[in-house]
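Next up, input-v5.txt (compact mmCIF, C-alpha atoms and all ligand atoms):
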```txt
# COMPACT_ATOMS: atom_id res chain seq x y z
CA MET A 1 84.99 -43.19 -82.78
CA SER A 2 81.63 -41.71 -81.84
CA TYR A 3 79.33 -42.99 -79.12
CA GLN A 4 75.56 -43.12 -78.65
CA ILE A 5 74.32 -41.48 -75.47
CA ALA A 6 70.81 -42.35 -74.29
CA LEU A 7 69.38 -39.48 -72.22
CA SER A 8 66.57 -40.86 -70.12
CA PHE A 9 64.26 -38.18 -68.69
CA GLU A 10 62.12 -38.30 -65.57
CA ASP A 11 58.90 -38.53 -67.61
CA GLY A 12 60.05 -41.78 -69.21
CA VAL A 13 61.10 -40.28 -72.57
CA THR A 14 64.51 -41.29 -73.91
CA ARG A 15 66.43 -39.32 -76.54
CA PHE A 16 69.69 -40.39 -78.15
CA VAL A 17 72.57 -38.09 -79.06
CA THR A 18 75.92 -38.83 -80.68
CA ALA A 19 79.16 -37.75 -79.04
CA ASN A 20 82.28 -37.37 -81.19
CA PRO A 21 85.73 -38.23 -79.79
CA ASN A 22 86.64 -35.99 -76.83
CA GLU A 23 83.26 -34.30 -76.92
CA THR A 24 81.44 -33.84 -73.62
CA VAL A 25 77.90 -35.12 -73.17
CA ALA A 26 76.78 -31.50 -72.75
CA ASP A 27 78.18 -30.51 -76.14
CA ALA A 28 76.68 -33.58 -77.80
CA ALA A 29 73.25 -32.76 -76.35
CA TYR A 30 73.56 -29.10 -77.32
CA LYS A 31 74.33 -30.09 -80.94
CA SER A 32 71.09 -32.09 -80.95
CA ARG A 33 69.20 -29.12 -79.45
CA ILE A 34 68.43 -30.94 -76.24
CA ASN A 35 68.57 -28.61 -73.24
CA ILE A 36 69.67 -30.74 -70.35
CA PRO A 37 70.03 -28.57 -67.22
CA PHE A 38 73.22 -26.49 -67.04
CA ASP A 39 74.58 -23.51 -65.25
CA CYS A 40 78.36 -23.07 -64.96
CA ARG A 41 79.35 -25.70 -67.59
CA ASP A 42 82.59 -25.78 -65.67
CA GLY A 43 82.23 -28.56 -63.12
CA ALA A 44 81.60 -26.08 -60.31
CA CYS A 45 77.86 -25.89 -59.59
CA GLY A 46 76.48 -29.43 -59.84
CA THR A 47 73.36 -28.26 -61.73
CA CYS A 48 73.89 -30.78 -64.52
CA LYS A 49 74.34 -33.75 -62.17
CA ALA A 50 73.04 -36.96 -63.78
CA PHE A 51 73.21 -40.67 -63.02
CA CYS A 52 75.05 -43.05 -65.31
CA GLU A 53 73.14 -46.32 -65.68
CA SER A 54 75.66 -47.94 -67.94
CA GLY A 55 78.83 -47.34 -69.90
CA LYS A 56 82.33 -45.98 -69.37
CA TYR A 57 83.47 -42.37 -69.34
CA ASP A 58 86.15 -39.97 -68.20
CA GLY A 59 84.48 -37.87 -65.51
CA GLY A 60 86.57 -34.76 -66.31
CA ASP A 61 87.55 -31.94 -63.93
CA TYR A 62 85.21 -30.71 -61.24
CA ILE A 63 85.19 -29.62 -57.64
CA ASP A 64 83.86 -31.57 -54.69
CA GLU A 65 80.95 -29.13 -54.19
CA ALA A 66 79.67 -30.09 -57.64
CA LEU A 67 80.16 -33.84 -57.25
CA THR A 68 81.52 -35.63 -54.19
CA GLU A 69 83.81 -38.62 -54.38
CA ASP A 70 81.08 -40.73 -52.87
CA GLU A 71 78.56 -39.61 -55.52
CA ALA A 72 81.03 -40.27 -58.31
CA GLU A 73 81.63 -43.76 -56.94
CA LYS A 74 77.89 -44.44 -56.92
CA GLY A 75 77.63 -43.49 -60.61
CA PHE A 76 76.63 -39.83 -60.48
CA CYS A 77 78.33 -37.68 -63.08
CA LEU A 78 78.53 -34.20 -64.58
CA PRO A 79 77.51 -34.10 -68.27
CA CYS A 80 79.24 -30.72 -68.71
CA GLN A 81 82.58 -32.41 -67.93
CA MET A 82 82.25 -36.07 -68.78
CA VAL A 83 83.64 -37.50 -72.01
CA PRO A 84 82.18 -40.87 -73.09
CA GLU A 85 84.49 -43.84 -73.58
CA SER A 86 81.65 -46.15 -74.66
CA ASP A 87 77.93 -45.87 -75.37
CA LEU A 88 76.22 -44.46 -72.28
CA VAL A 89 72.81 -44.44 -70.64
CA LEU A 90 72.22 -41.41 -68.41
CA GLN A 91 69.28 -40.61 -66.16
CA VAL A 92 68.88 -36.88 -66.54
CA ALA A 93 67.25 -34.69 -63.89
CA GLY A 94 64.14 -33.06 -65.34
CA THR A 95 61.49 -33.84 -67.91
CA SER A 96 61.80 -34.05 -71.67
CA GLU A 97 59.44 -31.11 -71.94
CA MET A 98 61.80 -28.99 -69.90
CA ALA A 99 64.65 -30.13 -72.15
CA LYS A 100 62.54 -29.41 -75.26
CA ALA A 101 63.17 -33.01 -76.22
CA GLY A 102 59.71 -34.57 -76.39
CA ALA A 103 59.26 -38.10 -77.71
CA THR A 104 59.33 -38.50 -81.49
CA THR A 105 56.51 -39.94 -83.59
CA PHE A 106 57.34 -42.45 -86.32
CA GLU A 107 55.11 -43.76 -89.10
CA ALA A 108 55.31 -47.55 -89.19
CA THR A 109 53.98 -49.97 -91.79
CA VAL A 110 52.56 -53.38 -90.89
CA THR A 111 54.68 -56.07 -92.60
CA ASP A 112 53.34 -59.10 -90.77
CA LEU A 113 50.64 -60.09 -88.32
CA SER A 114 50.65 -63.61 -86.93
CA TRP A 115 48.94 -65.34 -84.03
CA PHE A 116 50.34 -67.79 -81.48
CA ALA A 117 46.86 -68.74 -80.30
CA ASP A 118 43.65 -66.78 -80.38
CA ASN A 119 44.93 -64.47 -77.63
CA THR A 120 48.46 -63.36 -78.55
CA ALA A 121 49.53 -61.61 -81.73
CA ALA A 122 53.01 -60.90 -83.03
CA LEU A 123 52.97 -57.65 -84.97
CA THR A 124 55.93 -56.79 -87.18
CA LEU A 125 56.43 -53.24 -88.39
CA ALA A 126 58.85 -51.44 -90.68
CA VAL A 127 59.87 -47.83 -90.22
CA GLU A 128 61.40 -45.97 -93.15
CA ASN A 129 63.71 -43.83 -91.02
CA ARG A 130 64.65 -46.85 -88.89
CA GLY A 131 68.09 -45.41 -88.12
CA GLU A 132 66.44 -42.57 -86.23
CA LEU A 133 64.40 -44.90 -84.05
CA LYS A 134 66.93 -45.81 -81.40
CA PHE A 135 65.79 -47.53 -78.25
CA LEU A 136 67.12 -49.42 -75.26
CA PRO A 137 66.10 -53.08 -75.01
CA GLY A 138 63.18 -53.24 -72.57
CA GLN A 139 61.58 -49.94 -73.64
CA TYR A 140 58.18 -49.47 -75.25
CA MET A 141 56.36 -47.33 -77.81
CA ASN A 142 52.93 -45.75 -77.64
CA PHE A 143 50.72 -46.87 -80.53
CA ALA A 144 47.91 -44.76 -81.97
CA VAL A 145 45.38 -47.53 -82.70
CA PRO A 146 44.37 -47.04 -86.36
CA GLY A 147 40.82 -45.79 -86.91
CA THR A 148 40.37 -44.83 -83.24
CA GLU A 149 41.36 -42.13 -80.78
CA ALA A 150 42.85 -44.78 -78.48
CA SER A 151 46.50 -45.30 -77.73
CA ARG A 152 48.19 -48.39 -76.29
CA SER A 153 51.70 -49.15 -75.13
CA TYR A 154 53.75 -52.18 -76.21
CA SER A 155 57.33 -53.16 -75.48
CA PHE A 156 59.68 -54.08 -78.31
CA SER A 157 60.34 -57.81 -78.42
CA SER A 158 62.93 -57.27 -81.19
CA GLY A 159 66.45 -56.14 -80.42
CA PRO A 160 67.66 -52.56 -80.96
CA ALA A 161 69.68 -53.53 -84.05
CA ALA A 162 66.93 -55.48 -85.89
CA ASP A 163 65.70 -53.88 -89.13
CA GLU A 164 62.06 -54.55 -88.36
CA LEU A 165 60.25 -53.90 -85.10
CA ARG A 166 58.32 -56.69 -83.42
CA PHE A 167 55.76 -56.50 -80.64
CA LEU A 168 53.76 -59.15 -78.77
CA ILE A 169 50.18 -58.13 -78.15
CA ARG A 170 47.85 -59.91 -75.77
CA THR A 171 44.22 -59.47 -76.74
CA ALA A 172 41.62 -57.97 -74.41
CA PRO A 173 37.86 -58.48 -74.81
CA GLU A 174 36.57 -55.61 -76.97
CA GLY A 175 39.90 -53.81 -76.58
CA ALA A 176 40.67 -51.12 -79.17
CA MET A 177 43.87 -52.82 -80.37
CA THR A 178 42.28 -56.29 -80.27
CA THR A 179 39.37 -55.16 -82.42
CA TYR A 180 41.76 -53.52 -84.87
CA LEU A 181 44.02 -56.59 -85.10
CA LYS A 182 41.19 -59.11 -85.38
CA GLU A 183 38.86 -57.18 -87.67
CA ARG A 184 40.69 -54.58 -89.71
CA ALA A 185 44.47 -54.97 -89.69
CA GLN A 186 46.11 -55.56 -93.07
CA VAL A 187 49.72 -55.78 -94.19
CA GLY A 188 50.53 -52.29 -95.50
CA ASP A 189 48.53 -50.40 -92.84
CA THR A 190 50.30 -47.49 -91.24
CA ILE A 191 50.45 -47.03 -87.47
CA ALA A 192 51.85 -43.96 -85.68
CA LEU A 193 54.28 -44.89 -82.90
CA THR A 194 55.60 -42.44 -80.32
CA GLY A 195 58.62 -43.01 -78.12
CA PRO A 196 60.78 -44.73 -77.11
CA MET A 197 59.64 -44.64 -73.50
CA GLY A 198 60.39 -46.24 -70.17
CA SER A 199 63.08 -46.80 -67.59
CA PHE A 200 62.84 -50.59 -67.77
CA PHE A 201 65.93 -51.37 -69.83
CA LEU A 202 69.01 -53.56 -69.62
CA ARG A 203 71.88 -52.13 -67.60
CA ASP A 204 75.51 -53.30 -67.66
CA ILE A 205 75.72 -56.86 -66.36
CA LYS A 206 77.84 -56.43 -63.22
CA ARG A 207 76.47 -59.33 -61.16
CA PRO A 208 74.15 -62.32 -61.75
CA VAL A 209 70.90 -61.39 -63.49
CA LEU A 210 67.49 -62.90 -62.80
CA MET A 211 64.79 -62.20 -65.40
CA LEU A 212 61.17 -62.89 -64.48
CA ALA A 213 58.44 -62.76 -67.11
CA GLY A 214 54.69 -63.20 -66.82
CA GLY A 215 52.69 -63.76 -70.03
CA THR A 216 53.52 -61.25 -72.77
CA GLY A 217 55.88 -59.64 -70.24
CA ILE A 218 58.39 -61.87 -72.01
CA ALA A 219 58.57 -59.27 -74.84
CA PRO A 220 61.00 -56.73 -73.31
CA LEU A 221 63.15 -59.56 -71.96
CA LEU A 222 63.39 -61.03 -75.47
CA SER A 223 64.64 -57.65 -76.64
CA MET A 224 67.30 -57.66 -73.90
CA LEU A 225 68.35 -61.22 -74.77
CA GLU A 226 68.55 -60.30 -78.44
CA LYS A 227 70.91 -57.47 -77.57
CA ILE A 228 73.08 -59.79 -75.50
CA ALA A 229 72.99 -62.52 -78.19
CA THR A 230 73.89 -60.24 -81.07
CA GLY A 231 77.03 -59.17 -79.32
CA LEU A 232 76.03 -55.55 -78.75
CA GLU A 233 76.70 -56.39 -75.14
CA GLU A 234 79.77 -58.40 -74.24
CA ALA A 235 79.09 -62.06 -73.43
CA PRO A 236 77.81 -61.91 -69.85
CA ALA A 237 80.51 -62.46 -67.25
CA HIS A 238 77.80 -63.52 -64.78
CA PRO A 239 74.96 -66.04 -65.05
CA VAL A 240 71.70 -64.79 -66.56
CA HIS A 241 68.62 -66.85 -65.69
CA LEU A 242 65.07 -66.40 -66.96
CA VAL A 243 61.92 -67.75 -65.34
CA TYR A 244 58.97 -67.42 -67.72
CA GLY A 245 55.52 -68.15 -66.34
CA VAL A 246 52.09 -68.18 -67.99
CA THR A 247 48.58 -69.19 -66.98
CA PHE A 248 47.75 -71.77 -69.67
CA ASP A 249 49.83 -73.84 -72.10
CA LYS A 250 48.48 -71.84 -75.04
CA ASP A 251 49.92 -68.64 -73.53
CA LEU A 252 53.51 -69.84 -74.03
CA VAL A 253 55.08 -67.95 -76.95
CA GLU A 254 58.48 -67.61 -78.63
CA LEU A 255 59.88 -70.81 -77.10
CA ASP A 256 62.02 -71.38 -80.21
CA LYS A 257 63.59 -67.98 -79.79
CA LEU A 258 64.28 -68.62 -76.12
CA GLN A 259 65.93 -71.92 -77.00
CA HIS A 260 68.02 -70.09 -79.58
CA TYR A 261 69.19 -67.63 -76.91
CA ALA A 262 69.92 -70.50 -74.51
CA ASP A 263 72.16 -72.01 -77.21
CA ALA A 264 73.72 -68.73 -78.29
CA ILE A 265 74.39 -67.02 -74.96
CA GLU A 266 76.99 -68.52 -72.73
CA ASN A 267 75.86 -68.53 -69.10
CA PHE A 268 72.15 -68.15 -69.95
CA THR A 269 69.54 -70.61 -68.65
CA ILE A 270 65.72 -70.77 -68.70
CA ALA A 271 62.90 -72.29 -66.66
CA VAL A 272 59.33 -72.23 -67.96
CA CYS A 273 56.26 -72.81 -65.82
CA VAL A 274 52.51 -72.89 -66.31
CA ALA A 275 50.02 -72.16 -63.53
CA ASP A 276 47.16 -74.30 -64.87
CA PRO A 277 47.10 -77.62 -62.90
CA GLU A 278 45.93 -79.35 -66.12
CA SER A 279 49.01 -78.15 -68.00
CA THR A 280 51.21 -80.65 -69.79
CA ALA A 281 54.29 -78.58 -68.80
CA GLU A 282 56.97 -80.15 -66.66
CA ASN A 283 56.89 -77.21 -64.23
CA LYS A 284 53.46 -76.32 -62.89
CA GLY A 285 52.87 -73.33 -60.67
CA TYR A 286 54.16 -69.79 -60.34
CA VAL A 287 57.41 -68.12 -61.23
CA THR A 288 58.55 -67.71 -57.61
CA GLN A 289 58.44 -71.51 -57.15
CA TYR A 290 61.19 -71.88 -59.74
CA ILE A 291 63.73 -69.41 -58.34
CA THR A 292 66.62 -71.14 -56.61
CA ALA A 293 68.78 -69.92 -53.73
CA ALA A 294 71.81 -69.99 -56.06
CA GLN A 295 70.05 -67.64 -58.46
CA LEU A 296 69.24 -65.25 -55.61
CA ASN A 297 72.95 -65.21 -54.75
CA ASP A 298 72.24 -63.83 -51.23
CA GLY A 299 70.71 -60.72 -52.82
CA ASP A 300 73.72 -59.85 -54.99
CA VAL A 301 71.57 -60.08 -58.11
CA ASP A 302 69.95 -57.65 -60.57
CA VAL A 303 66.32 -58.57 -61.13
CA TYR A 304 64.31 -57.57 -64.20
CA LEU A 305 60.60 -58.34 -63.96
CA CYS A 306 57.86 -57.69 -66.48
CA GLY A 307 54.39 -58.98 -65.77
CA PRO A 308 50.91 -58.10 -64.55
CA PRO A 309 50.50 -56.11 -61.31
CA ALA A 310 49.61 -59.22 -59.27
CA MET A 311 52.92 -60.81 -60.27
CA VAL A 312 54.94 -57.74 -59.27
CA ASP A 313 53.20 -57.76 -55.87
CA ALA A 314 53.77 -61.51 -55.48
CA VAL A 315 57.49 -61.17 -56.23
CA ARG A 316 57.83 -58.27 -53.78
CA LYS A 317 56.22 -60.42 -51.08
CA TYR A 318 58.55 -63.23 -52.05
CA TRP A 319 61.61 -61.04 -51.37
CA ASP A 320 60.18 -60.26 -47.92
CA THR A 321 59.49 -63.92 -47.18
CA ARG A 322 62.98 -64.91 -48.24
CA GLY A 323 64.54 -61.93 -46.44
CA ILE A 324 66.22 -60.90 -49.71
CA THR A 325 66.77 -57.38 -51.03
CA PRO A 326 68.09 -57.63 -54.58
CA ALA A 327 70.94 -55.25 -55.44
CA ASN A 328 68.61 -53.80 -58.09
CA PHE A 329 64.98 -54.63 -58.82
CA TYR A 330 63.77 -53.20 -62.13
CA TYR A 331 60.19 -53.92 -63.02
CA GLU A 332 57.47 -53.03 -65.47
CA ARG A 333 53.85 -53.78 -64.66
CA PHE A 334 51.38 -53.99 -67.47
CA ALA A 335 47.66 -54.36 -67.67
CA VAL A 336 46.11 -55.79 -70.82
CA GLY A 337 44.67 -52.85 -72.78
CA SER A 338 46.56 -50.29 -70.66
CA THR A 339 46.52 -46.75 -71.93
CA ALA A 340 49.68 -44.94 -72.91
CA ALA A 341 49.17 -42.45 -70.11
CA ALA A 342 49.07 -45.18 -67.51
CA ALA A 343 52.13 -47.05 -68.67
CA PRO A 344 54.99 -44.80 -67.47
CA ALA A 345 53.50 -44.67 -63.99
CA LEU A 346 53.51 -48.44 -63.91
CA ALA A 347 57.21 -48.79 -64.53
CA GLY A 348 59.60 -48.72 -61.65
CA ALA A 349 63.06 -49.36 -60.42
CA VAL A 350 63.99 -50.03 -56.86
CA ALA A 351 67.60 -50.08 -55.88
FE1 LIG A 401 77.77 -26.70 -63.39
FE2 LIG A 401 77.86 -28.96 -64.85
S1 LIG A 401 76.76 -27.16 -65.22
S2 LIG A 401 78.74 -28.56 -62.90
```

What is this structure when it is put down as structure tokens?
Amino acid sequence: MSYQIALSFEDGVTRFVTANPNETVADAAYKSRINIPFDCRDGACGTCKAFCESGKYDGGDYIDEALTEDEAEKGFCLPCQMVPESDLVLQVAGTSEMAKAGATTFEATVTDLSWFADNTAALTLAVENRGELKFLPGQYMNFAVPGTEASRSYSFSSGPAADELRFLIRTAPEGAMTTYLKERAQVGDTIALTGPMGSFFLRDIKRPVLMLAGGTGIAPLLSMLEKIATGLEEAPAHPVHLVYGVTFDKDLVELDKLQHYADAIENFTIAVCVADPESTAENKGYVTQYITAAQLNDGDVDVYLCGPPAMVDAVRKYWDTRGITPANFYYERFAVGSTAAAAPALAGAVA
């Protein structure tokens, strides 16, 4: 049985390689002409040291100078020695440029464009070589906006196994993508997409998970839920809770899908809130008002947050106020109309 290894580079680019049975990660990468850093290839120097975000493997033979017991326990590993026993996600030291593994560009065709209100579009795309476009749920692609020199970044809202790719796009006044979608976009248009990018992706569920979404920040979380729901991940052994907040009622999108995930995924619950005091929603206010002590689990919780910068700051302050440090806090900040260049710098993970 072969396994997919996601190699996530420091510049946010992710490349996938396939490892055959008993093949080391180093050999799998070499076959795909990806130069992850190596020296001895013998478990002696530690040059290839990487961090395993998720998956199981046999660490192989190495000496303590290359990888200490403590490092191995924390999840560090040696790609020249390790043999995958499941799909893996590795954080590799170095950039994709250094590894001669730059992001790939795909030509996508618009198959559907629909609107939730006048401010949020759902764009569905097909890619002919879909099998080559592998991504981790939570990641994004850079779009070359047709007819312009502009590029914009959008997270997949579809799961990694879906045939078609789906993205949620919030409009911005006179934004390049907004103008394209509202004035020129047609089914059949082609759009160049580059990626996948980003370190905001679903890790193994080892403790309770709290997902926090602001506005179209729900997109990458939908992709994660799709992966969980379609059984690519095992049914979560710990509770997964989502708090989804928006400004106005009309900003709420994909509620049917969320309900479907709530029905399909054991241990998954949702709270939705709307900030507008005039809202007809049951829960009015901000996301932090709808997080319970049980969900915080005394800090033994993995938090995934995608929302605007003000929301990320508010949630950080909230941890301080509550005296909580989550076991892992993964977040992606977005600004409406953000450029591709800005996006990777806006993503973060705080252990
Ligand atoms: Fe030396 Fe892997 S290359 S330990």

List every residue of chain A that has an atom at most 10 Å from any atom of ligand LIG 401 (chain A), and for each one report the closest atom pair and its distance in Å to one decimal, counting all atoms listed in the file, with rows sorted by chain and then by increasing residue number, as a tab-separated table.
```
residue	atom	partner	partner_atom	distance
A:Ala26	CA	A:LIG401	FE2	8.4
A:Ile36	CA	A:LIG401	S1	9.5
A:Pro37	CA	A:LIG401	S1	7.2
A:Phe38	CA	A:LIG401	S1	4.0
A:Asp39	CA	A:LIG401	S1	4.3
A:Cys40	CA	A:LIG401	FE1	4.0
A:Arg41	CA	A:LIG401	S1	3.8
A:Asp42	CA	A:LIG401	FE1	5.4
A:Gly43	CA	A:LIG401	S2	3.5
A:Ala44	CA	A:LIG401	S2	4.6
A:Cys45	CA	A:LIG401	FE1	3.9
A:Gly46	CA	A:LIG401	S2	3.9
A:Thr47	CA	A:LIG401	FE1	5.0
A:Cys48	CA	A:LIG401	FE2	4.4
A:Lys49	CA	A:LIG401	FE2	6.5
A:Ala50	CA	A:LIG401	FE2	9.4
A:Asp61	CA	A:LIG401	S2	9.5
A:Tyr62	CA	A:LIG401	S2	7.0
A:Ile63	CA	A:LIG401	S2	8.4
A:Glu65	CA	A:LIG401	S2	9.0
A:Ala66	CA	A:LIG401	S2	5.6
A:Leu67	CA	A:LIG401	S2	7.9
A:Cys77	CA	A:LIG401	FE2	8.9
A:Leu78	CA	A:LIG401	FE2	5.3
A:Pro79	CA	A:LIG401	FE2	6.2
A:Cys80	CA	A:LIG401	FE2	4.5
A:Gln81	CA	A:LIG401	FE2	6.6
A:Met82	CA	A:LIG401	FE2	9.2
```

How many Å separate CA of Ser151 in chain A from CA of Thr194 in chain A?
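Answer for the CA of Ser151 in chain A to CA of Thr194 in chain A separation: 9.9 Å.
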
Expected residue set, 12 Å radius at (53.5, -57.2, -59.1), all atoms listed in the file, as a ChimeraX atom specification
/A:212-214,217,287-288,304-319,329-335,346-348

Report as a PyMOL selection string all protein, DNA and RNA residues lying within 10 Å of range 170-172 of chain A, evaluated on all atoms listed in the file, omitting residues in the same chain fewer than 5 positions from it.
chain A and resi 115+117-122+154+177-179+181-182+215-217+251+335-338

Would you list the contacts of Asp11 in chain A as number ranges by chain, taking every protein, DNA or RNA residue within 10 Å and counting all atoms listed in the file, but skipping same-chain residues closer than 3 positions in sequence?
A: 8, 14, 93-97, 102, 197-199, 344-345

Between A:Thr104, A:Asn267, A:Thr280, A:Thr292, which residue has the minimum interatomic distance to Leu252 in chain A, considering all atoms listed in the file?
A:Thr280

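Using only C-alpha atoms, the shortest contact distance between Ala192 in chain A and any of A:Ala264, A:Ala229, A:Met141, A:Ile205 is found at A:Met141.
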
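Every protein or nucleic acid residue with an atom no more than 9 Å from Ala271 in chain A, counting only C-alpha atoms and leaving out same-chain residues fewer than 6 positions away, appears here: A:His241, A:Leu242, A:Val243, A:Tyr244, A:Gly245, A:Asn283, A:Val287, A:Tyr290, A:Ile291.
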
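CA of Phe76 in chain A sits 29.9 Å away from CA of Asn142 in chain A.
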
Leaving out Asp204 in chain A and any residue of its chain fewer than 2 positions from it, which residues lie within 7 Å of it when counting all atoms listed in the file, given as an MDAnalysis selection string?
chainID A and resid 54 202 206

Could you name the residues that touch Pro220 in chain A at 8 Å or less, counting only C-alpha atoms, but leaving out those on the same chain fewer than 5 positions away, as an MDAnalysis selection string?
chainID A and resid 137:139 155:157 306

Residues of the last selection are to be written out with C-alpha atoms, as a CSV table (one decimal), keeping the file's coordinate frame.
```
chain,number,residue,atom,x,y,z
A,137,PRO,CA,66.1,-53.1,-75.0
A,138,GLY,CA,63.2,-53.2,-72.6
A,139,GLN,CA,61.6,-49.9,-73.6
A,155,SER,CA,57.3,-53.2,-75.5
A,156,PHE,CA,59.7,-54.1,-78.3
A,157,SER,CA,60.3,-57.8,-78.4
A,306,CYS,CA,57.9,-57.7,-66.5
```

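The gap separating CA of Val209 in chain A from CA of Ala262 in chain A is 14.3 Å, in Å to one decimal.
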
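Using only C-alpha atoms for every distance, the candidate list A:Ala237, A:Ala150, A:Ile265, A:Val17 yields A:Val17 as the residue closest to Ser2 in chain A.
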
Of the listed residues A:Glu71, A:Asp112, A:Asp64, A:Glu149, that which approaches Asp189 in chain A most closely, counting all atoms listed in the file
A:Asp112
